[in-house]
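> Below you will find the structure I want to go over with you.
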Amino acid sequence: MYKRIFVAIDNSSTAQKALDEAIHLAVKLDAGLCIGTALDEAPVTQHGMGLGSYIDVDRVKQEMRDAGNALLDKAAAQAKAAGGDPYRILIESDKKRLSDMIIDAAAQWDADLIVMGTHGRRGFERLLVGSVAEHMIRSATTTLLLVREK
């Protein structure tokens with residue numbers, strides 16, 4: 001079945017459900033597990049390029065990295081407690097979409113399954129927020145498992 005499972009997480013409840021499912025699968029299948037979180041630095045970088053910027057772009061990016069690493073540490077501890085031995089990766093870019101960052105990281109790790117949460121937004125809300133999962137479905141060549149919150 002699956003030998004290398006990549007799970008993409010953020011700080012949402014759907015990501016937690018995806019992590020739970022990925023850990024369960026990895027332990028049950030004796031598969032490798034890679035836990036990744038992607039940082040979209042584009043808004044910070046673009047803001048920092050404007051005149052009159054009042055933020056320290058480098059400091060904000062470091063705070064994003066620190067939060068991402070803390071999230072990965074917590075997820076890795078959960079996987080280890082369940083009997084897994086996860087690899088973890090912090091993915092950063094100010095030029096790529098989140099979905100492309102996840103797809104690329106999973107491919108570099110040679111994953112044969114990507115697990116991620118989806119909010120299942122529809123209509124105007126999806127139009128405003130966008131959908132990482134939807135873009136993943138359209139772009140990924142790796143098998144996807146989308147986990148809903150409900």
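Here, A, B, ... name the chains of the structure tokens in the order displayed, residue numbers run from 1 inside each chain, and ligands are numbered from 1 in the same displayed order.
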Quick one: DSSP helix (DSSP H, G or I) residues in chain A, as a ChimeraX atom specification?

/A:13-29,42-48,57-81,98-108,123-129,132-139

> If you run DSSP on this backbone, which residues of chain A come out as strand (DSSP E or B), and could you give them as number ranges by chain?

A: 4-8, 32-40, 87-93, 113-118, 143-148

> So that I can check the surroundings of Gly32 of chain A, please list as a list in words every protein, DNA and RNA residue that reaches within 9 Å of it, counting only C-alpha atoms and ignoring chain neighbours fewer than 4 positions away.

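Counting only the stated atoms, we get Tyr2, Lys3, Arg4, Ile5, Phe6, Ala26, Val27, Gly84, Asp85, Pro86, Tyr87 and Ala111 of chain A.
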
> So which one's closest to Met101 of chain A, A:Lys74, A:Lys61, A:His135, A:Lys80? Using only C-alpha atoms, please.

A:His135

> Would you pick out the contacts of Gly36 of chain A at 8 Å or less, using only C-alpha atoms, so that residues sharing its chain but fewer than 2 positions from it are not included, and give the list as a VMD selection string?

chain A and resid 6 to 9 34 38 72 88 to 91 102

> Name the residues in contact with segment 11-21 of chain A at a cut-off of 7 Å, using only C-alpha atoms, excluding same-chain residues fewer than 4 positions from it; report them as a ChimeraX atom specification.

/A:7,25,115-119,147-149

> Got time to write the residues from that selection, all heavy atoms, as a PDB file, in the first residue's frame?


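What follows is the written file selection_29.pdb:
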ATOM      1  N   VAL A   7       2.047  14.527   5.359  1.00  0.00           N
ATOM      2  CA  VAL A   7       0.862  15.221   5.861  1.00  0.00           C
ATOM      3  C   VAL A   7       1.183  16.705   5.981  1.00  0.00           C
ATOM      4  O   VAL A   7       2.210  17.092   6.543  1.00  0.00           O
ATOM      5  CB  VAL A   7       0.354  14.637   7.204  1.00  0.00           C
ATOM      6  CG1 VAL A   7       1.402  14.693   8.298  1.00  0.00           C
ATOM      7  CG2 VAL A   7      -0.940  15.323   7.644  1.00  0.00           C
ATOM      8  N   LEU A  25      -2.463   5.875   9.786  1.00  0.00           N
ATOM      9  CA  LEU A  25      -2.083   5.124   8.589  1.00  0.00           C
ATOM     10  C   LEU A  25      -0.607   4.720   8.629  1.00  0.00           C
ATOM     11  O   LEU A  25      -0.255   3.585   8.310  1.00  0.00           O
ATOM     12  CB  LEU A  25      -2.351   5.945   7.327  1.00  0.00           C
ATOM     13  CG  LEU A  25      -3.786   6.041   6.867  1.00  0.00           C
ATOM     14  CD1 LEU A  25      -3.921   7.055   5.737  1.00  0.00           C
ATOM     15  CD2 LEU A  25      -4.297   4.681   6.426  1.00  0.00           C
ATOM     16  N   VAL A 115      -1.653  13.665   2.718  1.00  0.00           N
ATOM     17  CA  VAL A 115      -2.846  13.789   3.556  1.00  0.00           C
ATOM     18  C   VAL A 115      -2.952  15.247   3.989  1.00  0.00           C
ATOM     19  O   VAL A 115      -1.958  15.846   4.392  1.00  0.00           O
ATOM     20  CB  VAL A 115      -2.758  12.877   4.804  1.00  0.00           C
ATOM     21  CG1 VAL A 115      -4.007  13.012   5.658  1.00  0.00           C
ATOM     22  CG2 VAL A 115      -2.522  11.425   4.409  1.00  0.00           C
ATOM     23  N   MET A 116      -4.159  15.795   3.880  1.00  0.00           N
ATOM     24  CA  MET A 116      -4.364  17.165   4.356  1.00  0.00           C
ATOM     25  C   MET A 116      -5.829  17.376   4.706  1.00  0.00           C
ATOM     26  O   MET A 116      -6.694  16.649   4.224  1.00  0.00           O
ATOM     27  CB  MET A 116      -3.898  18.192   3.331  1.00  0.00           C
ATOM     28  CG  MET A 116      -4.647  18.169   2.022  1.00  0.00           C
ATOM     29  SD  MET A 116      -4.002  19.365   0.835  1.00  0.00           S
ATOM     30  CE  MET A 116      -4.417  20.886   1.616  1.00  0.00           C
ATOM     31  N   GLY A 117      -6.070  18.348   5.538  1.00  0.00           N
ATOM     32  CA  GLY A 117      -7.426  18.690   5.920  1.00  0.00           C
ATOM     33  C   GLY A 117      -8.046  19.625   4.905  1.00  0.00           C
ATOM     34  O   GLY A 117      -7.352  20.331   4.182  1.00  0.00           O
ATOM     35  N   THR A 118      -9.374  19.611   4.857  1.00  0.00           N
ATOM     36  CA  THR A 118     -10.093  20.547   4.012  1.00  0.00           C
ATOM     37  C   THR A 118     -11.307  21.061   4.779  1.00  0.00           C
ATOM     38  O   THR A 118     -11.954  20.316   5.516  1.00  0.00           O
ATOM     39  CB  THR A 118     -10.522  19.911   2.667  1.00  0.00           C
ATOM     40  OG1 THR A 118     -11.205  20.897   1.889  1.00  0.00           O
ATOM     41  CG2 THR A 118     -11.401  18.697   2.849  1.00  0.00           C
ATOM     42  N   HIS A 119     -11.569  22.333   4.616  1.00  0.00           N
ATOM     43  CA  HIS A 119     -12.700  22.956   5.309  1.00  0.00           C
ATOM     44  C   HIS A 119     -14.011  22.735   4.564  1.00  0.00           C
ATOM     45  O   HIS A 119     -15.080  22.888   5.142  1.00  0.00           O
ATOM     46  CB  HIS A 119     -12.452  24.454   5.484  1.00  0.00           C
ATOM     47  CG  HIS A 119     -11.278  24.750   6.343  1.00  0.00           C
ATOM     48  ND1 HIS A 119     -11.321  24.677   7.715  1.00  0.00           N
ATOM     49  CD2 HIS A 119     -10.003  25.092   6.038  1.00  0.00           C
ATOM     50  CE1 HIS A 119     -10.128  24.976   8.210  1.00  0.00           C
ATOM     51  NE2 HIS A 119      -9.318  25.220   7.217  1.00  0.00           N
ATOM     52  N   VAL A 147      -9.150  15.150   4.390  1.00  0.00           N
ATOM     53  CA  VAL A 147      -9.875  14.835   5.616  1.00  0.00           C
ATOM     54  C   VAL A 147     -10.726  16.048   5.991  1.00  0.00           C
ATOM     55  O   VAL A 147     -10.203  17.141   6.134  1.00  0.00           O
ATOM     56  CB  VAL A 147      -8.895  14.483   6.752  1.00  0.00           C
ATOM     57  CG1 VAL A 147      -9.641  14.171   8.041  1.00  0.00           C
ATOM     58  CG2 VAL A 147      -7.981  13.333   6.347  1.00  0.00           C
ATOM     59  N   ARG A 148     -12.005  15.819   6.147  1.00  0.00           N
ATOM     60  CA  ARG A 148     -12.926  16.894   6.559  1.00  0.00           C
ATOM     61  C   ARG A 148     -13.030  16.939   8.064  1.00  0.00           C
ATOM     62  O   ARG A 148     -12.815  15.947   8.742  1.00  0.00           O
ATOM     63  CB  ARG A 148     -14.309  16.660   5.971  1.00  0.00           C
ATOM     64  CG  ARG A 148     -14.384  16.919   4.498  1.00  0.00           C
ATOM     65  CD  ARG A 148     -15.840  16.879   4.066  1.00  0.00           C
ATOM     66  NE  ARG A 148     -15.949  17.114   2.670  1.00  0.00           N
ATOM     67  CZ  ARG A 148     -16.290  18.281   2.124  1.00  0.00           C
ATOM     68  NH1 ARG A 148     -16.563  19.289   2.903  1.00  0.00           N
ATOM     69  NH2 ARG A 148     -16.367  18.418   0.824  1.00  0.00           N
ATOM     70  N   GLU A 149     -13.429  18.099   8.551  1.00  0.00           N
ATOM     71  CA  GLU A 149     -13.555  18.269   9.990  1.00  0.00           C
ATOM     72  C   GLU A 149     -14.716  17.451  10.556  1.00  0.00           C
ATOM     73  O   GLU A 149     -14.632  16.921  11.651  1.00  0.00           O
ATOM     74  CB  GLU A 149     -13.760  19.743  10.331  1.00  0.00           C
ATOM     75  CG  GLU A 149     -13.772  20.014  11.808  1.00  0.00           C
ATOM     76  CD  GLU A 149     -13.718  21.478  12.131  1.00  0.00           C
ATOM     77  OE1 GLU A 149     -14.014  22.315  11.264  1.00  0.00           O
ATOM     78  OE2 GLU A 149     -13.360  21.792  13.276  1.00  0.00           O
TER      79      GLU A 149
END

> Would you kindly return, as a PDB file with N, CA, C and O atoms, in the first residue's frame, each protein, DNA or RNA residue with an atom no farther than 9 Å from any atom of Leu71 of chain A, considering only C-alpha atoms and excluding same-chain residues fewer than 4 positions away?


ATOM      1  N   ILE A   9       0.156  20.276   7.470  1.00  0.00           N
ATOM      2  CA  ILE A   9      -0.615  20.782   8.602  1.00  0.00           C
ATOM      3  C   ILE A   9      -0.491  22.292   8.710  1.00  0.00           C
ATOM      4  O   ILE A   9       0.449  22.903   8.219  1.00  0.00           O
ATOM      5  N   ASP A  10      -1.492  22.855   9.375  1.00  0.00           N
ATOM      6  CA  ASP A  10      -1.440  24.236   9.832  1.00  0.00           C
ATOM      7  C   ASP A  10      -2.036  24.219  11.236  1.00  0.00           C
ATOM      8  O   ASP A  10      -2.064  23.171  11.866  1.00  0.00           O
ATOM      9  N   ASN A  11      -2.517  25.324  11.694  1.00  0.00           N
ATOM     10  CA  ASN A  11      -3.008  25.397  13.070  1.00  0.00           C
ATOM     11  C   ASN A  11      -4.516  25.167  13.174  1.00  0.00           C
ATOM     12  O   ASN A  11      -5.125  25.554  14.157  1.00  0.00           O
ATOM     13  N   THR A  37       4.706  21.820   7.181  1.00  0.00           N
ATOM     14  CA  THR A  37       3.864  23.012   7.243  1.00  0.00           C
ATOM     15  C   THR A  37       4.478  24.052   6.322  1.00  0.00           C
ATOM     16  O   THR A  37       5.710  24.170   6.237  1.00  0.00           O
ATOM     17  N   ASP A  66       9.330  30.476  13.713  1.00  0.00           N
ATOM     18  CA  ASP A  66       9.257  29.982  15.087  1.00  0.00           C
ATOM     19  C   ASP A  66       7.907  29.302  15.348  1.00  0.00           C
ATOM     20  O   ASP A  66       7.851  28.223  15.942  1.00  0.00           O
ATOM     21  N   ALA A  67       6.825  29.934  14.898  1.00  0.00           N
ATOM     22  CA  ALA A  67       5.495  29.349  15.081  1.00  0.00           C
ATOM     23  C   ALA A  67       5.368  28.048  14.283  1.00  0.00           C
ATOM     24  O   ALA A  67       4.804  27.066  14.778  1.00  0.00           O
ATOM     25  N   ALA A  75       3.413  18.301  16.573  1.00  0.00           N
ATOM     26  CA  ALA A  75       2.917  17.212  15.719  1.00  0.00           C
ATOM     27  C   ALA A  75       3.861  16.015  15.754  1.00  0.00           C
ATOM     28  O   ALA A  75       3.413  14.863  15.817  1.00  0.00           O
ATOM     29  N   ALA A  76       5.158  16.268  15.724  1.00  0.00           N
ATOM     30  CA  ALA A  76       6.138  15.177  15.770  1.00  0.00           C
ATOM     31  C   ALA A  76       6.054  14.434  17.103  1.00  0.00           C
ATOM     32  O   ALA A  76       6.155  13.207  17.144  1.00  0.00           O
TER      33      ALA A  76
END

> Just how far from atom CA of Lys150 of chain A is atom CA of Leu98 of chain A, in Å to one decimal?

23.3 Å

> Using only C-alpha atoms, can you tell me which of A:Asp73, A:Leu146, A:Arg138, A:Arg97 comes closest to Leu113 of chain A?

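Once distances to Leu113 of chain A are computed over only C-alpha atoms, the minimum belongs to A:Leu146.
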
> When distances are computed from only C-alpha atoms, which of A:Ala107, A:Asp56, A:Ala31, A:Met64 shows the smallest separation from Thr141 of chain A?

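The shortest atom-to-atom distance to Thr141 of chain A comes from A:Ala107.
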